[in-house]
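A.B. asks: work_30.cif (mmCIF, C-alpha atoms) pasted underneath:
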data_final
#
loop_
_atom_site.label_atom_id
_atom_site.label_comp_id
_atom_site.auth_asym_id
_atom_site.auth_seq_id
_atom_site.Cartn_x
_atom_site.Cartn_y
_atom_site.Cartn_z
CA MET A 1 89.41 169.51 -54.50
CA THR A 2 87.51 169.92 -51.23
CA ILE A 3 85.55 166.86 -50.12
CA LYS A 4 83.39 166.78 -47.00
CA ILE A 5 83.80 163.70 -44.79
CA LEU A 6 80.50 162.46 -43.34
CA TYR A 7 81.77 159.41 -41.43
CA GLU A 8 85.10 157.78 -40.72
CA ASP A 9 86.42 154.81 -38.78
CA SER A 10 89.62 152.78 -39.12
CA ASP A 11 88.25 150.85 -42.12
CA ILE A 12 85.57 152.89 -43.90
CA LEU A 13 85.11 156.45 -45.09
CA ALA A 14 81.83 158.09 -46.13
CA ILE A 15 82.09 161.29 -48.13
CA GLU A 16 79.82 163.82 -49.76
CA LYS A 17 80.52 163.56 -53.47
CA PRO A 18 80.00 166.81 -55.38
CA SER A 19 78.12 166.87 -58.66
CA GLY A 20 80.43 167.09 -61.68
CA VAL A 21 83.25 164.95 -60.24
CA SER A 22 83.99 161.51 -61.71
CA MET A 23 84.66 158.46 -59.58
CA HIS A 24 87.91 157.56 -61.36
CA SER A 25 89.86 158.45 -64.47
CA ASP A 26 88.64 157.48 -67.92
CA GLY A 27 92.22 157.32 -69.18
CA ARG A 28 91.82 160.51 -71.23
CA SER A 29 90.72 163.40 -69.05
CA LYS A 30 93.11 165.09 -66.64
CA GLU A 31 90.29 166.22 -64.34
CA LYS A 32 90.73 165.26 -60.69
CA THR A 33 88.56 162.39 -59.52
CA ILE A 34 87.30 160.93 -56.25
CA SER A 35 89.91 158.21 -56.59
CA ASP A 36 92.65 160.86 -56.96
CA TRP A 37 91.44 162.68 -53.84
CA PHE A 38 91.26 159.46 -51.82
CA LEU A 39 94.74 158.31 -52.83
CA LYS A 40 96.24 161.73 -52.07
CA ASN A 41 94.71 161.88 -48.59
CA TYR A 42 94.94 158.14 -47.81
CA PRO A 43 98.08 156.97 -49.66
CA LYS A 44 98.01 153.53 -47.99
CA THR A 45 94.91 152.69 -50.05
CA LYS A 46 96.88 152.59 -53.31
CA ASN A 47 96.40 148.84 -53.75
CA VAL A 48 92.92 148.57 -52.23
CA GLY A 49 90.20 147.50 -54.64
CA GLU A 50 90.00 146.68 -58.31
CA SER A 51 91.54 147.84 -61.57
CA ILE A 52 89.89 148.41 -64.91
CA PHE A 53 91.29 148.88 -68.40
CA THR A 54 89.95 151.84 -70.35
CA ASN A 55 91.33 153.59 -73.42
CA GLY A 56 94.36 151.30 -73.30
CA LYS A 57 95.29 152.23 -69.73
CA GLU A 58 95.02 150.39 -66.43
CA ILE A 59 93.02 152.49 -63.97
CA LYS A 60 93.15 151.64 -60.28
CA LYS A 61 89.87 152.33 -58.51
CA SER A 62 91.48 152.94 -55.12
CA GLY A 63 89.03 152.14 -52.34
CA ILE A 64 85.91 152.41 -54.50
CA VAL A 65 83.21 149.86 -53.66
CA HIS A 66 80.22 151.40 -55.47
CA ARG A 67 79.68 154.26 -57.86
CA LEU A 68 77.73 157.45 -58.38
CA ASP A 69 77.41 158.96 -61.84
CA LYS A 70 79.59 162.01 -62.47
CA GLU A 71 76.67 164.46 -62.25
CA THR A 72 75.08 162.79 -59.21
CA SER A 73 75.89 164.22 -55.79
CA GLY A 74 75.62 162.73 -52.32
CA VAL A 75 76.91 160.16 -49.91
CA MET A 76 79.26 157.40 -51.00
CA LEU A 77 81.49 154.85 -49.28
CA LEU A 78 85.23 154.20 -49.66
CA ALA A 79 87.23 151.33 -48.20
CA LYS A 80 90.56 152.01 -46.49
CA ASN A 81 91.82 148.43 -46.67
CA GLU A 82 91.22 145.21 -48.59
CA LYS A 83 89.26 143.58 -45.78
CA ALA A 84 86.83 146.51 -45.66
CA HIS A 85 86.59 146.52 -49.45
CA GLU A 86 85.53 142.87 -49.56
CA PHE A 87 83.22 143.32 -46.56
CA LEU A 88 81.37 146.22 -48.20
CA LYS A 89 81.30 144.63 -51.66
CA ASN A 90 79.59 141.59 -50.17
CA GLN A 91 76.98 143.78 -48.50
CA PHE A 92 76.16 145.40 -51.83
CA LYS A 93 76.06 141.99 -53.51
CA GLU A 94 73.74 140.56 -50.87
CA ARG A 95 71.58 143.73 -50.97
CA ILE A 96 72.18 144.48 -47.31
CA VAL A 97 73.10 148.09 -48.05
CA LYS A 98 70.08 150.41 -48.11
CA LYS A 99 70.29 153.44 -50.39
CA THR A 100 67.96 156.43 -50.59
CA TYR A 101 68.04 158.99 -53.38
CA HIS A 102 66.11 162.19 -53.96
CA ALA A 103 65.27 163.12 -57.54
CA ILE A 104 63.50 165.79 -59.50
CA VAL A 105 61.85 164.29 -62.58
CA SER A 106 59.94 165.67 -65.54
CA GLY A 107 56.14 165.62 -65.43
CA TRP A 108 53.71 164.72 -62.66
CA VAL A 109 54.13 161.09 -61.60
CA LYS A 110 50.60 159.70 -61.34
CA ASN A 111 50.90 157.22 -58.46
CA ASP A 112 52.10 158.28 -55.00
CA HIS A 113 54.08 155.03 -54.67
CA GLY A 114 55.44 152.61 -57.21
CA THR A 115 57.88 149.81 -58.01
CA ILE A 116 59.65 149.51 -61.34
CA ASN A 117 60.77 145.93 -61.94
CA LYS A 118 62.33 145.94 -65.38
CA PRO A 119 65.65 144.38 -66.47
CA ILE A 120 68.27 146.72 -67.90
CA GLY A 121 70.57 146.15 -70.86
CA ARG A 122 72.43 148.23 -73.43
CA SER A 123 71.00 150.74 -75.84
CA PRO A 124 71.43 149.64 -79.48
CA LYS A 125 71.91 153.24 -80.63
CA ASP A 126 74.24 154.85 -78.07
CA PHE A 127 77.04 152.99 -76.24
CA ARG A 128 76.83 155.51 -73.37
CA ARG A 129 73.21 154.68 -72.60
CA HIS A 130 71.43 151.78 -70.96
CA LEU A 131 67.86 150.77 -71.65
CA ALA A 132 64.83 149.03 -70.12
CA GLY A 133 62.03 147.73 -72.32
CA ARG A 134 61.81 147.26 -76.08
CA GLY A 135 64.94 147.38 -78.19
CA VAL A 136 67.37 146.54 -75.40
CA ARG A 137 70.42 144.53 -76.47
CA GLY A 138 73.09 142.50 -74.70
CA LYS A 139 72.74 140.77 -71.37
CA LEU A 140 69.68 141.76 -69.35
CA ARG A 141 70.26 142.38 -65.66
CA GLU A 142 67.58 142.38 -62.98
CA ALA A 143 66.75 145.90 -61.82
CA ILE A 144 64.21 146.97 -59.19
CA THR A 145 63.49 150.55 -58.15
CA GLU A 146 60.93 151.75 -55.60
CA TYR A 147 59.75 155.36 -55.45
CA LYS A 148 57.53 157.64 -53.40
CA VAL A 149 56.19 161.06 -54.43
CA LEU A 150 57.26 163.83 -52.06
CA LYS A 151 55.86 166.75 -54.03
CA ARG A 152 54.35 167.65 -57.39
CA PHE A 153 55.00 171.18 -58.56
CA LYS A 154 54.95 173.47 -61.57
CA ILE A 155 57.47 176.07 -62.71
CA SER A 156 55.93 178.34 -65.34
CA THR A 157 54.06 175.82 -67.52
CA ASN A 158 56.44 172.93 -66.85
CA LYS A 159 55.47 170.13 -64.46
CA PHE A 160 57.95 168.32 -62.20
CA THR A 161 57.80 165.71 -59.43
CA TYR A 162 60.08 165.46 -56.41
CA LEU A 163 60.70 161.81 -55.51
CA GLU A 164 62.27 159.66 -52.82
CA ILE A 165 63.80 156.63 -54.54
CA HIS A 166 65.06 153.31 -53.19
CA PRO A 167 67.02 151.22 -55.71
CA LYS A 168 66.97 147.58 -54.65
CA THR A 169 69.65 146.65 -57.18
CA GLY A 170 72.70 148.58 -58.33
CA ARG A 171 72.77 148.69 -62.13
CA THR A 172 74.57 151.36 -64.13
CA HIS A 173 72.32 154.43 -64.55
CA GLN A 174 69.50 152.41 -62.94
CA ILE A 175 67.41 155.30 -61.58
CA ARG A 176 67.89 157.37 -64.73
CA VAL A 177 66.96 154.43 -66.98
CA HIS A 178 63.93 153.39 -64.94
CA MET A 179 62.54 156.91 -64.68
CA LYS A 180 62.97 157.25 -68.45
CA PHE A 181 61.13 153.93 -68.86
CA ILE A 182 58.02 155.28 -67.06
CA ASN A 183 58.23 158.51 -69.09
CA HIS A 184 59.38 160.67 -66.18
CA PRO A 185 63.13 161.08 -66.85
CA VAL A 186 65.35 162.83 -64.32
CA ALA A 187 65.38 166.59 -64.85
CA CYS A 188 68.45 168.16 -66.46
CA ASP A 189 69.69 164.77 -67.68
CA SER A 190 71.55 165.48 -70.92
CA LEU A 191 71.85 161.76 -71.70
CA TYR A 192 68.33 160.47 -71.01
CA ASN A 193 66.28 163.69 -71.11
CA PRO A 194 68.04 165.96 -73.65
CA GLY A 195 66.50 169.24 -74.70
CA LYS A 196 63.67 169.09 -72.16
CA PRO A 197 62.82 171.91 -69.71
CA CYS A 198 65.02 172.14 -66.62
CA PRO A 199 63.76 173.76 -63.38
CA LYS A 200 65.00 177.32 -63.08
CA GLY A 201 68.09 177.45 -60.86
CA LEU A 202 69.02 173.79 -61.35
CA LYS A 203 72.05 173.53 -63.61
CA ARG A 204 73.00 169.90 -62.90
CA LEU A 205 71.44 166.45 -62.91
CA GLY A 206 68.42 166.33 -60.61
CA LEU A 207 69.64 163.31 -58.65
CA HIS A 208 71.14 163.21 -55.14
CA ALA A 209 72.24 160.23 -53.02
CA LYS A 210 70.51 161.23 -49.78
CA SER A 211 71.49 158.40 -47.43
CA ILE A 212 73.15 155.02 -47.15
CA GLU A 213 72.85 152.35 -44.44
CA PHE A 214 75.43 149.58 -44.00
CA LYS A 215 77.27 147.54 -41.39
CA ASN A 216 80.81 148.42 -40.36
CA LEU A 217 83.40 145.75 -39.61
CA LYS A 218 82.21 145.59 -36.01
CA GLU A 219 78.77 144.58 -37.36
CA LYS A 220 77.25 147.86 -36.19
CA THR A 221 74.57 149.34 -38.44
CA ILE A 222 75.59 152.79 -39.64
CA LYS A 223 73.31 155.24 -41.46
CA ILE A 224 74.88 158.28 -43.11
CA GLU A 225 72.91 161.19 -44.57
CA SER A 226 73.96 163.87 -47.02
CA PRO A 227 72.09 167.20 -46.87
CA LEU A 228 70.25 168.31 -49.98
CA PRO A 229 72.31 170.65 -52.16
CA ARG A 230 71.15 174.27 -52.01
CA GLU A 231 70.01 174.27 -55.62
CA PHE A 232 67.74 171.28 -54.84
CA GLU A 233 66.25 173.00 -51.79
CA LYS A 234 65.47 176.15 -53.76
CA VAL A 235 63.66 174.20 -56.47
CA VAL A 236 61.54 171.97 -54.23
CA LYS A 237 60.84 174.37 -51.31
#
What is this structure when it is put down as structure tokens?
C.D. replies:
Amino acid sequence: MTIKILYEDSDILAIEKPSGVSMHSDGRSKEKTISDWFLKNYPKTKNVGESIFTNGKEIKKSGIVHRLDKETSGVMLLAKNEKAHEFLKNQFKERIVKKTYHAIVSGWVKNDHGTINKPIGRSPKDFRRHLAGRGVRGKLREAITEYKVLKRFKISTNKFTYLEIHPKTGRTHQIRVHMKFINHPVACDSLYNPGKPCPKGLKRLGLHAKSIEFKNLKEKTIKIESPLPREFEKVVK
């Protein structure tokens, strides 16, 4: 697995995560993950971070402080030591970290700017999905997403909108769930937008983590950007 490094110091690593690569093992698949790559290249991080139990196995999330969905690409942070892990986790918890995503969504979003402030819970019909709005079950968690329209375009008879998105909270599938809630689900999303038209040339989820801003352990503000994937550029040019 080839992973591009976008930033590195003695405590923190920022990488460009490819679409189609999971953060860590699910206990079943033998596919290589970001955690596998990190441990192979930074073996001293073996005991950095948290463990989870899935499918009867303990999975160590070496160095992982936040997550991107498997099909999402873009910039993500990894901690090289326990001090950095706690330092970054606290920044996410206190909402100091600023994240920017670019997304291609179905339909033409009406307003040029918007804020979606809708708690997220579990879907009652599919354990893989989360939900905002009616029918949600389980514990509701605060979720706030801001967006700005960059471009509205049409491919054949199908309408799409290119968005810049700023999640203010970090819930599982937050952007995908919130865009579904306003009836503009992320393009090519097999979980939240199945069977709907996908822009020609885009064969993956239309979501990319464009940039992240955080403080390193020297309290210096660092902003890292990940270039748009080629398939994104071709669709939105």
A.B. asks: Between CA of Val186 in chain A and CA of Lys151 in chain A, what distance in Å does the model show, to one decimal?
C.D. replies: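 Separating CA of Val186 in chain A from CA of Lys151 in chain A is a distance of 14.5 Å.
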A.B. asks: If we count only C-alpha atoms and set the cut-off at 12 Å, which residues sit around range 124-137 of chain A, ignoring sequence neighbours fewer than 3 positions away in its own chain? Please answer as a list in words.
C.D. replies: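 Once the nearby chain positions are removed, what remains is Ile116, Asn117, Lys118, Pro119, Ile120, Gly121, Leu140, Arg141, Glu142, Ala143, Ile144, Arg171, Thr172, His173, Gln174, Ile175, Arg176, Val177, His178, Met179, Lys180, Phe181, Ile182, Asn183, Asp189, Ser190, Leu191, Tyr192 and Asn193 of chain A.
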A.B. asks: Translate the PyMOL selection byres ((chain A and resi 92-94) around 10) into a concrete residue list for this structure, as a VMD selection string.
C.D. replies: chain A and resid 65 to 66 86 to 91 95 to 98 168 to 170 214
A.B. asks: Can those selected residues be exported to a file as a short mmCIF file (atom, residue, chain, number, x, y, z; two decimals), in the coordinates of the input so that it contains C-alpha atoms?
C.D. replies:
data_model
loop_
_atom_site.label_atom_id
_atom_site.label_comp_id
_atom_site.auth_asym_id
_atom_site.auth_seq_id
_atom_site.Cartn_x
_atom_site.Cartn_y
_atom_site.Cartn_z
CA VAL A 65 83.21 149.86 -53.66
CA HIS A 66 80.22 151.40 -55.47
CA GLU A 86 85.53 142.87 -49.56
CA PHE A 87 83.22 143.32 -46.56
CA LEU A 88 81.37 146.22 -48.20
CA LYS A 89 81.30 144.63 -51.66
CA ASN A 90 79.59 141.59 -50.17
CA GLN A 91 76.98 143.78 -48.50
CA ARG A 95 71.58 143.73 -50.97
CA ILE A 96 72.18 144.48 -47.31
CA VAL A 97 73.10 148.09 -48.05
CA LYS A 98 70.08 150.41 -48.11
CA LYS A 168 66.97 147.58 -54.65
CA THR A 169 69.65 146.65 -57.18
CA GLY A 170 72.70 148.58 -58.33
CA PHE A 214 75.43 149.58 -44.00
#
A.B. asks: Do you know which residues are at most 7 Å from Leu205 in chain A counting all atoms listed in the file, after dropping those on the same chain fewer than 3 positions away, and could you put them as a list in words?
C.D. replies: Glu71, Thr72, Ala187, Cys188 and Asp189 of chain A
A.B. asks: Taking the file above as input, evaluate the PyMOL selection byres ((chain A and resi 6) around 8) and report the hits as a list in words.
C.D. replies: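 With the PyMOL selection byres ((chain A and resi 6) around 8) on this model, the match is Lys4, Ile5, Tyr7, Glu8, Leu13, Ala14, Ile15, Glu16, Val75, Ile224, Glu225 and Ser226 of chain A.
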A.B. asks: Okay, now the selection with C-alpha atoms, as a short mmCIF file (atom, residue, chain, number, x, y, z; two decimals), keeping the file's coordinate frame?
C.D. replies:
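See out-v8.cif below for the written result:
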data_model
loop_
_atom_site.label_atom_id
_atom_site.label_comp_id
_atom_site.auth_asym_id
_atom_site.auth_seq_id
_atom_site.Cartn_x
_atom_site.Cartn_y
_atom_site.Cartn_z
CA LYS A 4 83.39 166.78 -47.00
CA ILE A 5 83.80 163.70 -44.79
CA TYR A 7 81.77 159.41 -41.43
CA GLU A 8 85.10 157.78 -40.72
CA LEU A 13 85.11 156.45 -45.09
CA ALA A 14 81.83 158.09 -46.13
CA ILE A 15 82.09 161.29 -48.13
CA GLU A 16 79.82 163.82 -49.76
CA VAL A 75 76.91 160.16 -49.91
CA ILE A 224 74.88 158.28 -43.11
CA GLU A 225 72.91 161.19 -44.57
CA SER A 226 73.96 163.87 -47.02
#
A.B. asks: Restricting the calculation to all atoms listed in the file, which member of A:Leu207, A:Pro43, A:Ile104, A:Arg28 is positioned closest to Phe153 in chain A?
C.D. replies: A:Ile104
A.B. asks: Residues picked by the PyMOL selection byres ((chain A and resi 20) around 9) here, as a list in words?
C.D. replies: Lys17, Pro18, Ser19, Val21, Ser22, Asp69, Lys70, Glu71, Thr72, Ser73 and Arg204 of chain A
A.B. asks: Please compute the CA of Lys40 in chain A-CA of Asn216 in chain A distance, one decimal, in Å.
C.D. replies: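 These two atoms are separated by 23.5 Å.
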A.B. asks: Any idea what the distance is between CA of Lys223 in chain A and CA of Pro185 in chain A?
C.D. replies: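 Computed distance, CA of Lys223 in chain A to CA of Pro185 in chain A, equals 28.0 Å.
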A.B. asks: In terms of the shortest atom-to-atom distance over all atoms listed in the file, which of A:Ile12, A:Ala79, A:Ile34, A:Val236 is closest to Gly49 in chain A?
C.D. replies: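 Nearest candidate to Gly49 in chain A out of A:Ile12, A:Ala79, A:Ile34, A:Val236: A:Ala79.
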A.B. asks: Of the residues A:Val149, A:Asp36, A:Ala209, A:Thr100, which is the one nearest to Ile165 in chain A, using all atoms listed in the file?
C.D. replies: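 Looking at the shortest contact to Ile165 in chain A, the residue is A:Thr100.
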A.B. asks: At a cut-off of 12 Å around the point (98.5, 155.8, -55.5) (file coordinates), what residues fall inside when counting all atoms listed in the file? I'd like the answer as a JSON list (two decimals) with C-alpha atoms, in the coordinates of the input.
C.D. replies:
[["chain", "number", "residue", "atom", "x", "y", "z"],
["A", 35, "SER", "CA", 89.91, 158.21, -56.59],
["A", 36, "ASP", "CA", 92.65, 160.86, -56.96],
["A", 37, "TRP", "CA", 91.44, 162.68, -53.84],
["A", 38, "PHE", "CA", 91.26, 159.46, -51.82],
["A", 39, "LEU", "CA", 94.74, 158.31, -52.83],
["A", 40, "LYS", "CA", 96.24, 161.73, -52.07],
["A", 41, "ASN", "CA", 94.71, 161.88, -48.59],
["A", 42, "TYR", "CA", 94.94, 158.14, -47.81],
["A", 43, "PRO", "CA", 98.08, 156.97, -49.66],
["A", 44, "LYS", "CA", 98.01, 153.53, -47.99],
["A", 45, "THR", "CA", 94.91, 152.69, -50.05],
["A", 46, "LYS", "CA", 96.88, 152.59, -53.31],
["A", 47, "ASN", "CA", 96.40, 148.84, -53.75],
["A", 48, "VAL", "CA", 92.92, 148.57, -52.23],
["A", 49, "GLY", "CA", 90.20, 147.50, -54.64],
["A", 59, "ILE", "CA", 93.02, 152.49, -63.97],
["A", 60, "LYS", "CA", 93.15, 151.64, -60.28],
["A", 61, "LYS", "CA", 89.87, 152.33, -58.51],
["A", 62, "SER", "CA", 91.48, 152.94, -55.12],
["A", 63, "GLY", "CA", 89.03, 152.14, -52.34]]
A.B. asks: Counting all atoms listed in the file, figure out which residue out of A:Lys196, A:Arg122, A:His113, A:Lys139 gets nearest to Asn158 in chain A.
C.D. replies: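 So, comparing all the options, the nearest one is A:Lys196.
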A.B. asks: For Ala103 in chain A, which residue out of A:Ile64, A:Gly74, A:Tyr162, A:Pro229 is the nearest one, using only C-alpha atoms?
C.D. replies: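 Nearest candidate to Ala103 in chain A out of A:Ile64, A:Gly74, A:Tyr162, A:Pro229: A:Tyr162.
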A.B. asks: Name the residues within 8 Å of (69.2, 169.0, -54.6), counting all atoms listed in the file in the file's coordinates, and put them as an NGL selection string.
C.D. replies: :A and (102-103 or 206-208 or 228-233 or 235)
A.B. asks: Could you list, as a PyMOL selection string, every residue within 9 Å of Asp112 in chain A, counting only C-alpha atoms and ignoring same-chain residues fewer than 5 positions away?
C.D. replies: chain A and resi 147-150
A.B. asks: Please extract range 40-102 of chain A and write it out with C-alpha atoms, as a CSV table (one decimal), in the first residue's frame.
C.D. replies:
chain,number,residue,atom,x,y,z
A,40,LYS,CA,4.4,-1.4,9.6
A,41,ASN,CA,6.1,2.0,9.0
A,42,TYR,CA,6.0,3.2,12.6
A,43,PRO,CA,6.3,0.0,14.7
A,44,LYS,CA,6.8,2.0,17.9
A,45,THR,CA,3.2,3.1,17.7
A,46,LYS,CA,1.9,-0.4,18.4
A,47,ASN,CA,0.5,0.5,21.8
A,48,VAL,CA,-0.6,4.1,20.9
A,49,GLY,CA,-4.3,4.7,21.1
A,50,GLU,CA,-7.4,2.6,21.8
A,51,SER,CA,-8.7,-0.9,21.2
A,52,ILE,CA,-12.1,-2.0,20.1
A,53,PHE,CA,-13.8,-5.4,20.1
A,54,THR,CA,-15.4,-6.5,16.9
A,55,ASN,CA,-16.5,-9.9,15.6
A,56,GLY,CA,-15.0,-11.4,18.8
A,57,LYS,CA,-11.6,-10.0,18.2
A,58,GLU,CA,-9.6,-7.2,19.9
A,59,ILE,CA,-8.6,-4.6,17.3
A,60,LYS,CA,-5.9,-2.1,18.1
A,61,LYS,CA,-6.4,1.2,16.4
A,62,SER,CA,-2.7,2.2,16.3
A,63,GLY,CA,-2.3,5.9,16.3
A,64,ILE,CA,-5.8,6.7,15.0
A,65,VAL,CA,-7.4,9.8,16.6
A,66,HIS,CA,-10.3,10.3,14.1
A,67,ARG,CA,-11.8,8.5,11.3
A,68,LEU,CA,-12.8,8.7,7.6
A,69,ASP,CA,-15.2,6.3,6.1
A,70,LYS,CA,-13.7,3.6,3.9
A,71,GLU,CA,-14.8,5.2,0.6
A,72,THR,CA,-13.9,8.8,1.7
A,73,SER,CA,-10.5,10.1,0.6
A,74,GLY,CA,-8.4,12.9,1.9
A,75,VAL,CA,-6.3,14.2,4.8
A,76,MET,CA,-6.3,12.5,8.2
A,77,LEU,CA,-4.1,12.7,11.3
A,78,LEU,CA,-2.2,9.9,13.1
A,79,ALA,CA,-0.5,10.1,16.5
A,80,LYS,CA,3.0,8.7,16.9
A,81,ASN,CA,2.9,8.6,20.7
A,82,GLU,CA,0.4,8.5,23.6
A,83,LYS,CA,0.9,12.2,24.5
A,84,ALA,CA,0.1,13.3,20.9
A,85,HIS,CA,-2.9,10.9,20.8
A,86,GLU,CA,-4.4,12.5,23.9
A,87,PHE,CA,-3.5,16.0,22.8
A,88,LEU,CA,-5.2,15.6,19.4
A,89,LYS,CA,-8.2,13.7,20.9
A,90,ASN,CA,-8.8,16.7,23.2
A,91,GLN,CA,-8.7,19.1,20.3
A,92,PHE,CA,-11.4,17.1,18.5
A,93,LYS,CA,-13.4,16.9,21.7
A,94,GLU,CA,-13.2,20.6,22.3
A,95,ARG,CA,-13.9,21.3,18.6
A,96,ILE,CA,-10.6,23.1,18.1
A,97,VAL,CA,-9.8,21.1,15.0
A,98,LYS,CA,-11.3,22.7,11.8
A,99,LYS,CA,-12.2,20.3,9.0
A,100,THR,CA,-13.2,21.1,5.4
A,101,TYR,CA,-14.7,18.6,3.0
A,102,HIS,CA,-15.6,18.8,-0.7
